Amino acid sequence: MRTRKLTAGLTLAFVLGLLILDQAQSGPVNRFQQPAAIAWGSNESAGGAHCAALPQ
Amino acid sequence: MSHASATGAAAAPATSLLTRTGLLAGALVLVLAVAMLVGLRFGLLLAIGLGFGLVLEGYRFGFAGPWRRLIREGDPTGTVAQLVSIAVVALVAFPLLASSGGELIGAHAPVGFAMIGGAFVFGACMQVVMGCGSGTLVNSGSGNPVSLLALPFFALGSFFGADHLLWWTGFGTLPTVVFEGTLGLLITLAALASVAAVLMWRAAPEQRSIPRRYWIAALLLAGLAVLNLVVAGQPWGVVYGLGLWAAKGATVLGADLSGSSFWGTPGNMERLGDSLLTDVTSLTNLGIIGGAFLVAAWRGGFSQGLPKLPARAWVATVIAGFLLGYSSRLAFGCNVGAFFSGISTGSLHGWAWFVAAFGGAFYGVKLRPWLGLEARS
């Protein structure tokens with residue numbers, strides 16, 4: 001009988017495929033231009049990439 | 001998270017100490033790698049996402065299941081635990097938002113026709129596949145085949161729903177209403193307490209005791225949601241990240257999204273070009289999948305057999321998965337972004353979402369057996 005080992009493996013493959021696709025599609029990460037570790041108290045405005053936000 | 005996974009996990013053989021140590025070490029290495037190679041904030045967000053997954057799967061706590069038990073059995077305990085969790089977040093989030101000066105934002109969105117309709121459809125579909133926004137991720141991580149099939153279509157739906165969002169909001173949308181400050185917090189807490197009180201009052205006496213694991217899960221979830229807000233600058237969300245995954249896929253396939261009213265905006269174009277490992281909701285989404293995977297592997301839950309479902313159940317899963325994504329974009333969020341984060345940061349649309357989605361859930365519960373996803377009673 002097939003078990004969840006199969007589907008769990010497919011989930012891992014999905015995530016891995018997504019990250020590989022992302023690597024191929026996106027630009028390199030700039031380690032020297034990163035936001036503060038914690039947004040609260042950073043004096044930086046929030047990004048707004050949230051499902052409640054209208055397109056800006 | 002699902003009943004099926006709970007029973008299967010109980011019968012599963014225990015995993016070895018070596019396997020468990022490897023699982024923990026693997027999670028730690030992933031978080032450290034993201035923190036060092038991408039940025040500290042992003043490592044923290046992945047850790048928070050893992051925490052969400054651990055809590056939701058570990059305590060078998062969620063959103064779709066408790067609503068189903070409330071509708072079918074009159075058991076309000078899981079839903080009341082959700083309200084408790086939202087109230088705890090609100091207690092911290094309201095003062096934080098009031099004093100943050102724009103560093104932190106709430107999940108604030110307008111109420112409108114499409115928003116209400118979207119929430120209704122989402123509520124129905126989350127009962128069909130027994131997985132909401134977070135639940136689909138958790139269940140995929142624990143090897144649930146229905147959620148695993150629904151997940152890519154959820155992402156596709158979110159992509160198209162976002163693309164069409166402005167067309168839908170054109171049907172009529174009120175100005176965004178936000179409860180703020182001490183009065184706003186008191187209104188929110190009073191409303192949450194009122195709903196919880198009504199649910200408890202209507203329940204049978206033996207169904208009024210909230211299990212200990214729900215209390216723990218609700219408090220841990222609230223703590224993680226507050227951490228999400230403080231670290232990311234925005235509340236916990238799910239759907240934006242899923243849509244971004246599909247948008248990236250469309251870009252790889254050659255689609256030009258610069259003309260899209262949603263994906264073509266400067267902020268979204270920038271995110272399309274950036275790594276997913278710098279996107280807040282993508283990181284927490286991946287963490288949720290990873291956390292649930294870790295718990296399932298820890299418990300030996302992967303030895304559970306796969307269900308034999310009729311073809312119409314799989315077709316229904318694909319359609320419901322797509323509609324989950326599409327409708328949640330019109331509704332300005334799913335159970336996480338709109339219901340949990342919307343209400344806990346004072347947005348009226350969170351309350352409208354709750355009412356509409358709960359209405360949809362009544363029909364979703366009835367639809368599920370007809371679609372072959374469970375035995376007809």
# chains A, B, ... in the order shown; residues from 1 in each chain; ligands from 1
call {"tool": "interface_residues", "arguments": {"of": "chain B", "to": "chain A", "cutoff": "7 Å", "atoms": "only C-alpha atoms", "output": "PyMOL selection string"}}
result
chain B and resi 38-41+100+102-105+107-109+140-145+148+230-234+237+239-240+252+262+265+267+273-276+302-306+329+332-333+337-338
call {"tool": "atom_distance", "arguments": {"atom1": "CA of Thr278 (chain B)", "atom2": "CA of Ala47 (chain B)"}}
result
13.5 Å
call {"tool": "residues_around", "arguments": {"residues": "Gly49 (chain B)", "least_positions_apart": "5", "cutoff": "7 Å", "atoms": "only C-alpha atoms", "output": "ChimeraX atom specification"}}
result
/B:283-288
call {"tool": "write_last_selection", "arguments": {"atoms": "N, CA, C and O atoms", "output": "short mmCIF file (atom, residue, chain, number, x, y, z; two decimals), in the first residue's frame"}}
result
data_model
loop_
_atom_site.label_atom_id
_atom_site.label_comp_id
_atom_site.auth_asym_id
_atom_site.auth_seq_id
_atom_site.Cartn_x
_atom_site.Cartn_y
_atom_site.Cartn_z
N LEU B 283 8.72 33.01 3.09
CA LEU B 283 9.56 32.39 4.12
C LEU B 283 8.72 31.70 5.19
O LEU B 283 9.00 30.56 5.57
N THR B 284 7.69 32.39 5.67
CA THR B 284 6.87 31.76 6.71
C THR B 284 6.07 30.58 6.13
O THR B 284 5.88 29.58 6.80
N ASN B 285 5.65 30.71 4.85
CA ASN B 285 4.95 29.58 4.22
C ASN B 285 5.86 28.36 4.14
O ASN B 285 5.45 27.24 4.46
N LEU B 286 7.08 28.57 3.67
CA LEU B 286 8.03 27.45 3.57
C LEU B 286 8.31 26.88 4.96
O LEU B 286 8.44 25.67 5.14
N GLY B 287 8.40 27.78 5.94
CA GLY B 287 8.61 27.32 7.31
C GLY B 287 7.46 26.47 7.83
O GLY B 287 7.68 25.47 8.51
N ILE B 288 6.23 26.87 7.49
CA ILE B 288 5.06 26.10 7.93
C ILE B 288 5.11 24.69 7.35
O ILE B 288 4.89 23.69 8.06
#
call {"tool": "select_by_dssp", "arguments": {"residues": "region 53-234 of chain B", "states": "helix (DSSP H, G or I)", "output": "MDAnalysis selection string"}}
result
chainID B and resid 53:58 64:73 77:99 113:128 133:141 145:163 165:169 181:202 205:207 212:232
call {"tool": "residues_around", "arguments": {"residues": "Gly241 (chain B)", "least_positions_apart": "2", "cutoff": "6 Å", "atoms": "only C-alpha atoms", "output": "list of chain:residue names"}}
result
B:Val238, B:Val239, B:Gly243, B:Leu244, B:Thr281, B:Ser282
call {"tool": "residues_around", "arguments": {"residues": "Ala196 (chain B)", "least_positions_apart": "2", "cutoff": "9 Å", "atoms": "only C-alpha atoms", "output": "ChimeraX atom specification"}}
result
/B:76,79-81,83-84,191-194,198-201
call {"tool": "closest_residue", "arguments": {"among": "B:Ser99, B:Thr317, B:Ser261, B:Thr173", "to": "Leu151 (chain B)", "atoms": "only C-alpha atoms"}}
result
B:Thr317
call {"tool": "residues_around", "arguments": {"residues": "Tyr326 (chain B)", "least_positions_apart": "5", "cutoff": "8 Å", "atoms": "only C-alpha atoms", "output": "list in words"}}
result
Gly118, Phe154, Leu156, Gly157, Ser158, Phe159, Phe160, Gly161 and Ala162 of chain B
